[in-house]
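Enquirer: Here it is, the structure in full.
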2 protein chains.
Amino acid sequence: MHIDTGDQALRARALRVVPGGMYGHMRTATLPAGYPQFFERGEGCHIWDADGRRYLDFMCAWGPIVLGHRHPAVEEAVQRQMAKGDLLNGPTERMVELAERLVRLVAHADWALFAKNGTDATTTCVTLARVKTGRRKIVVAKGAYHGAVPWCSPSVLGVTAEDRAHLSTYIYNDIASLEKAVARAGDDLAGIVVSAFRHDYGFDQELPDPAFAKCARALADASGAALILDDVRAGFRLTLAGSWDLVDVQPDLSAWSKAIANGHALAAVTGNDEFRDAASQLFVTGSFWCGSVPMAAALATLDELERIDGPAQMHAMGTRLREGLAAQAAAAGIGIRQSGPPQMPTLMFEDDPDCAKGFLFCQEALKRGVYLHPRHNMFLSAAHTAADIDEALAVTREAFGVLDRS
Amino acid sequence: MHIDTGDQALRARALRVVPGGMYGHMRTATLPAGYPQFFERGEGCHIWDADGRRYLDFMCAWGPIVLGHRHPAVEEAVQRQMAKGDLLNGPTERMVELAERLVRLVAHADWALFAKNGTDATTTCVTLARVKTGRRKIVVAKGAYHGAVPWCSPSVLGVTAEDRAHLSTYIYNDIASLEKAVARAGDDLAGIVVSAFRHDYGFDQELPDPAFAKCARALADASGAALILDDVRAGFRLTLAGSWDLVDVQPDLSAWSKAIANGHALAAVTGNDEFRDAASQLFVTGSFWCGSVPMAAALATLDELERIDGPAQMHAMGTRLREGLAAQAAAAGIGIRQSGPPQMPTLMFEDDPDCAKGFLFCQEALKRGVYLHPRHNMFLSAAHTAADIDEALAVTREAFGVLDRS
């Protein structure tokens, strides 16, 4: 029996056995026509869809792929650990090594614990803040993404009022609004949650204003609450020390995931000594949290990022892309806005309320083998070379041309 | 520099960089002295601790290892998928194949979605029940384990009253108490959560009374609420059709994890057509949920479990162990209670309120190379042969002897 495994055939098969044919952030429903739903393989900075089409990829599996797909050093470490075992009746030495590594690399970290999802890490941070302080209120930035469970999901489907009873919001980078949110929490403030930078879906990104970051730290200190950094999306791409190290502010607790193990399933919480007792008391766990293979992958990923200065390299390549796009747009007389750190660029078009320009631009790039995203921040990896960026720019030049003529 | 990597040395290193030296269910703090905290490798039904001591293992990484460590067919499928790629910008054909497989194997399933932790799956089921019904109340069995996040954690540290505002409890297998809990929820009942069987930590296990199971189904039907089966711990060990298929009752939604991929990190939710729309609307996701390698591992695991009738084989070996232990205890005049399905046995001692007998028995077995658990259900895998069971029984005979003389 012949089974068609192309993208359209897989979509039809999926529609029968997967809700809506696909769920979550990898669902293509919000992307323009032409974006494939199913993929076949990846190598370095290239991915192939289920129809065998190759793309130069600027999403990196939505963040986890930080060194490129199937990076040899990571995969070698994975093979070495797999030959011994992955999940046993307790952790292996890999867990101790990885905790030691994070304590050395991450400026604020005195300890680490490991989980599987970014949401595991953010939820654990919030719970730890409550354990340590004995208080309940958590302030979060309006519109920020911290996971997809009821307390923080961007959707309110299936969420009860009680799931968010102790949450209040502030506007990222707005000191007055943060002060107000903290004041509202009063003496019940357990924690202030901040993203590494403002990376809300469909908006221009904003780097943290250093004055805002210092204010968040001071407000947490003044009330004895936890400053919680959600570094799930940005962690290990901007620096290995924790993203707010760049603005010289250290959190008490950080949530990590995505890039930590180059695509292997792993998350981490790091904390300072003030929160060690709370973390020692809390019961938090999962069936696969002690798996050694993803930890071996993380050690190799961090080794390599350190060895090549991955963040600096991605910064250089992201800057090359950004400058190229800016020059092309200017030459074509098309207004664009580029935002976010160069390693995680967002490209938006002026006068494009319905994203029609962004969709057309990305569709034209996709047709020519370059996978961009019209509304979400994109991701560079250390596998992107100058030649790859120049290849992408040759394509975007044509895409701007189509836009100019449309 | 020589770094000592034995268990004691790793404990000392961990104490500096991991909260309490270890966290969660794999922490040895509640086990008798002598239990290793750190492990080195696994092969079939054997594990080696960080000091190189080999054990015949009856915990199977607390459930996930269902075919034995490093099972060749599973690892071959893993290698095949790793050669293509794991995490891409969307799922691969493996996701469709695995959803198709679960729909074929699991009696109640019309669709499936995938996650990483058992807790992801149970939380998604509860949220789906609320989406579908537009109601809030969830009834759960007192003392049942459904995960380690605030709504369901066995610990109340860091938990607010609101996290459990819409939960009420019943006693497993107690029809009157279930009816009362459902009546308390009134017309706000969203879901009834049941475990595959009663497997609470530190208690004798109870298989589901068929009358209780039928009553749970009837109460859910009468109120239009979801019957949610937490099959995370038992799933694919007792039958591949869903554990309540054994009592001829089908849930609306099931949560799966542990044994689904022989130790690779994966969880699943299956549901019937009644819940398909709700599942299509819900936004639920995680960075690694589309990883293809664990899905390839799951396909190979389910293939193998089906081919060899893994549940029947584990039932036979668990029965051999149970009958051997019963005969030995009777011969020694020691009162024991064995409970739970033979694939997931629990052994408790009569007149042992502080578990002193259980601790001594397990310590003596451990010294002789057999890894048992004194308070939690244990797990057989399909790698346990009759010779392995007989080897374990030769050791338990000596352990009963020590107990008899103590």
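Residues are referred to by chain and number: the chain letter is A, B, ... according to the order shown in the structure tokens, the number counts from 1 in that chain, and ligands are numbered separately from 1 in the order shown.
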With a distance threshold of 6 Å and counting only C-alpha atoms, extract the residues of chain B near chain A and express them as a PyMOL selection string.
Expert: chain B and resi 14+17-20+24+26+37-42+61+84-85+87-92+96+99+111-112+127+130-131+148+157-158+162+263+265+276+279-280+283-285+288
Enquirer: Would you list the contacts of Asp230 (chain A) as a ChimeraX atom specification, taking every protein, DNA or RNA residue within 12 Å and counting only C-alpha atoms, but skipping same-chain residues closer than 2 positions in sequence?
Expert: /A:118-126,140-141,144-147,192-199,227-228,232-235,242-244,251-258,267-270
Enquirer: Taking only region 150-327 of chain A into account, list the residues labelled alpha helix (DSSP H) by DSSP (computed from the backbone), as a PyMOL selection string.
Expert: chain A and resi 175-185+210-223+276-281+292-308+310-327
Enquirer: Go ahead and save the picked residues with C-alpha atoms, as a CSV table (one decimal), in the first residue's frame.
Expert:
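The result, stored in selection_13.csv:
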chain,number,residue,atom,x,y,z
A,175,ILE,CA,8.2,52.1,35.7
A,176,ALA,CA,5.1,53.8,36.9
A,177,SER,CA,2.9,50.9,35.9
A,178,LEU,CA,5.2,48.4,37.6
A,179,GLU,CA,5.1,50.6,40.8
A,180,LYS,CA,1.4,50.6,40.7
A,181,ALA,CA,1.1,46.9,40.3
A,182,VAL,CA,3.5,46.3,43.2
A,183,ALA,CA,1.5,48.8,45.3
A,184,ARG,CA,-1.7,46.9,44.5
A,185,ALA,CA,-0.1,43.7,45.7
A,210,PRO,CA,18.1,49.6,32.3
A,211,ALA,CA,16.2,52.0,34.5
A,212,PHE,CA,13.2,49.8,34.4
A,213,ALA,CA,15.3,46.7,35.2
A,214,LYS,CA,16.9,48.4,38.2
A,215,CYS,CA,13.5,49.6,39.4
A,216,ALA,CA,12.2,46.0,39.3
A,217,ARG,CA,15.2,44.8,41.3
A,218,ALA,CA,14.7,47.7,43.8
A,219,LEU,CA,11.0,47.0,44.2
A,220,ALA,CA,11.6,43.3,44.8
A,221,ASP,CA,14.3,44.2,47.4
A,222,ALA,CA,12.2,46.7,49.2
A,223,SER,CA,9.3,44.2,49.6
A,276,ARG,CA,17.8,27.6,48.3
A,277,ASP,CA,15.8,26.5,51.4
A,278,ALA,CA,12.5,27.1,49.6
A,279,ALA,CA,13.8,25.0,46.6
A,280,SER,CA,14.9,22.3,49.0
A,281,GLN,CA,11.5,22.1,50.6
A,292,SER,CA,20.6,12.0,31.3
A,293,VAL,CA,20.7,12.3,27.5
A,294,PRO,CA,19.2,15.8,27.4
A,295,MET,CA,21.6,16.8,30.2
A,296,ALA,CA,24.6,15.5,28.2
A,297,ALA,CA,23.2,17.4,25.2
A,298,ALA,CA,23.0,20.6,27.3
A,299,LEU,CA,26.6,20.2,28.5
A,300,ALA,CA,27.8,19.8,25.0
A,301,THR,CA,25.7,22.8,23.8
A,302,LEU,CA,27.0,25.1,26.5
A,303,ASP,CA,30.6,23.9,25.8
A,304,GLU,CA,30.2,24.8,22.2
A,305,LEU,CA,28.4,28.1,22.8
A,306,GLU,CA,31.2,29.1,25.2
A,307,ARG,CA,34.0,27.8,22.9
A,308,ILE,CA,32.8,29.8,19.8
A,310,GLY,CA,27.9,31.7,20.2
A,311,PRO,CA,26.0,34.8,21.4
A,312,ALA,CA,28.6,37.1,19.7
A,313,GLN,CA,28.5,35.1,16.5
A,314,MET,CA,24.7,35.1,16.3
A,315,HIS,CA,24.8,38.9,17.1
A,316,ALA,CA,27.2,39.5,14.2
A,317,MET,CA,25.1,37.4,11.8
A,318,GLY,CA,21.8,38.9,13.0
A,319,THR,CA,23.3,42.4,12.5
A,320,ARG,CA,24.5,41.5,9.0
A,321,LEU,CA,20.9,40.4,8.2
A,322,ARG,CA,19.4,43.5,9.8
A,323,GLU,CA,21.7,45.9,8.0
A,324,GLY,CA,21.1,44.1,4.7
A,325,LEU,CA,17.3,44.3,5.2
A,326,ALA,CA,17.4,47.9,6.2
A,327,ALA,CA,19.4,48.8,3.1
Enquirer: Which of region 230-350 of chain A end up as strand (DSSP E or B) when DSSP is run on this backbone - answer as a ChimeraX atom specification?
Expert: /A:230,253-256,267-271,336-339,346-349
Enquirer: Write the residues of the preceding selection, restricted to all heavy atoms, as a tab-separated table (two decimals), in the first residue's frame.
Expert:
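Writing done, so here's again_6.tsv:
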chain	number	residue	atom	x	y	z
A	230	ASP	N	12.07	35.40	33.30
A	230	ASP	CA	11.69	34.36	32.35
A	230	ASP	C	12.66	34.45	31.17
A	230	ASP	O	12.49	35.27	30.27
A	230	ASP	CB	10.25	34.55	31.89
A	230	ASP	CG	9.82	33.46	30.90
A	230	ASP	OD1	10.70	32.73	30.39
A	230	ASP	OD2	8.61	33.36	30.62
A	253	LEU	N	15.54	34.36	40.73
A	253	LEU	CA	15.22	33.08	40.12
A	253	LEU	C	15.14	33.29	38.60
A	253	LEU	O	14.63	34.32	38.15
A	253	LEU	CB	13.85	32.58	40.61
A	253	LEU	CG	13.70	32.33	42.11
A	253	LEU	CD1	12.21	32.17	42.47
A	253	LEU	CD2	14.47	31.07	42.53
A	254	SER	N	15.61	32.32	37.84
A	254	SER	CA	15.45	32.38	36.38
A	254	SER	C	14.87	31.06	35.87
A	254	SER	O	15.21	29.99	36.36
A	254	SER	CB	16.79	32.58	35.67
A	254	SER	OG	17.29	33.87	35.90
A	255	ALA	N	14.03	31.20	34.85
A	255	ALA	CA	13.47	30.04	34.15
A	255	ALA	C	14.15	29.92	32.80
A	255	ALA	O	14.28	30.91	32.07
A	255	ALA	CB	11.96	30.23	33.96
A	256	TRP	N	14.63	28.71	32.49
A	256	TRP	CA	15.37	28.45	31.25
A	256	TRP	C	14.73	27.27	30.53
A	256	TRP	O	14.20	26.36	31.14
A	256	TRP	CB	16.81	28.02	31.57
A	256	TRP	CG	17.58	28.92	32.45
A	256	TRP	CD1	17.57	28.93	33.82
A	256	TRP	CD2	18.50	29.94	32.05
A	256	TRP	NE1	18.43	29.89	34.28
A	256	TRP	CE2	19.02	30.52	33.21
A	256	TRP	CE3	18.94	30.41	30.81
A	256	TRP	CZ2	19.96	31.56	33.19
A	256	TRP	CZ3	19.87	31.43	30.78
A	256	TRP	CH2	20.37	32.00	31.95
A	267	ALA	N	14.49	21.80	30.65
A	267	ALA	CA	14.27	23.12	31.19
A	267	ALA	C	15.04	23.20	32.50
A	267	ALA	O	15.46	22.16	33.03
A	267	ALA	CB	12.77	23.35	31.43
A	268	ALA	N	15.27	24.40	32.99
A	268	ALA	CA	15.98	24.54	34.25
A	268	ALA	C	15.44	25.74	35.01
A	268	ALA	O	14.91	26.69	34.42
A	268	ALA	CB	17.48	24.71	34.01
A	269	VAL	N	15.58	25.68	36.32
A	269	VAL	CA	15.40	26.84	37.19
A	269	VAL	C	16.74	27.07	37.86
A	269	VAL	O	17.36	26.12	38.36
A	269	VAL	CB	14.32	26.58	38.27
A	269	VAL	CG1	14.28	27.72	39.28
A	269	VAL	CG2	12.96	26.37	37.63
A	270	THR	N	17.22	28.32	37.83
A	270	THR	CA	18.38	28.67	38.64
A	270	THR	C	17.94	29.66	39.70
A	270	THR	O	16.99	30.42	39.49
A	270	THR	CB	19.53	29.28	37.81
A	270	THR	OG1	19.03	30.40	37.07
A	270	THR	CG2	20.11	28.26	36.85
A	271	GLY	N	18.64	29.64	40.83
A	271	GLY	CA	18.28	30.55	41.91
A	271	GLY	C	19.49	30.93	42.73
A	271	GLY	O	20.55	30.30	42.61
A	336	ILE	N	10.07	49.78	6.88
A	336	ILE	CA	10.05	48.61	7.76
A	336	ILE	C	10.52	49.01	9.15
A	336	ILE	O	11.15	50.06	9.33
A	336	ILE	CB	10.96	47.46	7.25
A	336	ILE	CG1	12.44	47.89	7.18
A	336	ILE	CG2	10.48	46.94	5.90
A	336	ILE	CD1	13.41	46.74	6.97
A	337	ARG	N	10.18	48.19	10.13
A	337	ARG	CA	10.68	48.37	11.49
A	337	ARG	C	11.33	47.06	11.91
A	337	ARG	O	10.71	46.00	11.83
A	337	ARG	CB	9.54	48.68	12.46
A	337	ARG	CG	8.76	49.94	12.15
A	337	ARG	CD	7.81	50.30	13.30
A	337	ARG	NE	6.96	49.19	13.69
A	337	ARG	CZ	5.77	48.94	13.15
A	337	ARG	NH1	5.29	49.70	12.17
A	337	ARG	NH2	5.05	47.92	13.57
A	338	GLN	N	12.58	47.13	12.34
A	338	GLN	CA	13.27	45.94	12.84
A	338	GLN	C	13.50	46.14	14.34
A	338	GLN	O	13.94	47.20	14.76
A	338	GLN	CB	14.58	45.73	12.10
A	338	GLN	CG	14.37	45.53	10.60
A	338	GLN	CD	15.61	45.00	9.92
A	338	GLN	OE1	15.92	43.83	10.02
A	338	GLN	NE2	16.34	45.88	9.24
A	339	SER	N	13.20	45.13	15.11
A	339	SER	CA	13.30	45.29	16.57
A	339	SER	C	13.82	44.02	17.21
A	339	SER	O	13.92	42.97	16.58
A	339	SER	CB	11.93	45.66	17.14
A	339	SER	OG	10.99	44.63	16.89
A	346	THR	N	12.87	40.74	14.81
A	346	THR	CA	11.49	40.85	14.35
A	346	THR	C	11.45	41.90	13.24
A	346	THR	O	12.06	42.96	13.36
A	346	THR	CB	10.56	41.26	15.51
A	346	THR	OG1	10.54	40.19	16.46
A	346	THR	CG2	9.14	41.51	15.03
A	347	LEU	N	10.74	41.57	12.18
A	347	LEU	CA	10.61	42.47	11.04
A	347	LEU	C	9.13	42.77	10.84
A	347	LEU	O	8.32	41.85	10.69
A	347	LEU	CB	11.17	41.78	9.78
A	347	LEU	CG	10.89	42.46	8.43
A	347	LEU	CD1	11.53	43.84	8.36
A	347	LEU	CD2	11.41	41.58	7.29
A	348	MET	N	8.78	44.07	10.89
A	348	MET	CA	7.40	44.48	10.65
A	348	MET	C	7.41	45.56	9.58
A	348	MET	O	8.42	46.25	9.41
A	348	MET	CB	6.79	45.06	11.94
A	348	MET	CG	6.95	44.18	13.17
A	348	MET	SD	5.81	42.78	13.24
A	348	MET	CE	4.54	43.49	14.29
A	349	PHE	N	6.29	45.72	8.91
A	349	PHE	CA	6.17	46.73	7.86
A	349	PHE	C	5.36	47.92	8.34
A	349	PHE	O	4.38	47.75	9.08
A	349	PHE	CB	5.53	46.11	6.60
A	349	PHE	CG	6.48	45.20	5.87
A	349	PHE	CD1	6.68	43.89	6.29
A	349	PHE	CD2	7.21	45.67	4.78
A	349	PHE	CE1	7.57	43.06	5.64
A	349	PHE	CE2	8.11	44.84	4.12
A	349	PHE	CZ	8.30	43.53	4.56
Enquirer: In Å, with one decimal, what is the gap from CA of Ala365 (chain A) to CA of Val66 (chain A)?
Expert: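 Here the two named atoms are 22.0 Å from each other.
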Enquirer: What gap, in Å, lies between CA of Ser381 (chain A) and CA of Asp354 (chain A)?
Expert: 29.3 Å
Enquirer: Could you check how far CA of Gly358 (chain B) sits from CA of His373 (chain B), in Å to one decimal?
Expert: 8.5 Å
Enquirer: Neighbours of Tyr201 (chain A) within 8 Å (only C-alpha atoms; same-chain residues fewer than 5 positions away dropped), as a list in words?
Expert: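 Those residues are Arg375, His376 and Asn377 of chain A.
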Enquirer: Considering only C-alpha atoms, can you say which of A:Leu189, A:Glu206, A:Asp245, A:Asp390 comes closest to Gly224 (chain A)?
Expert: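 Of all the options, A:Leu189 lies closest to Gly224 (chain A).
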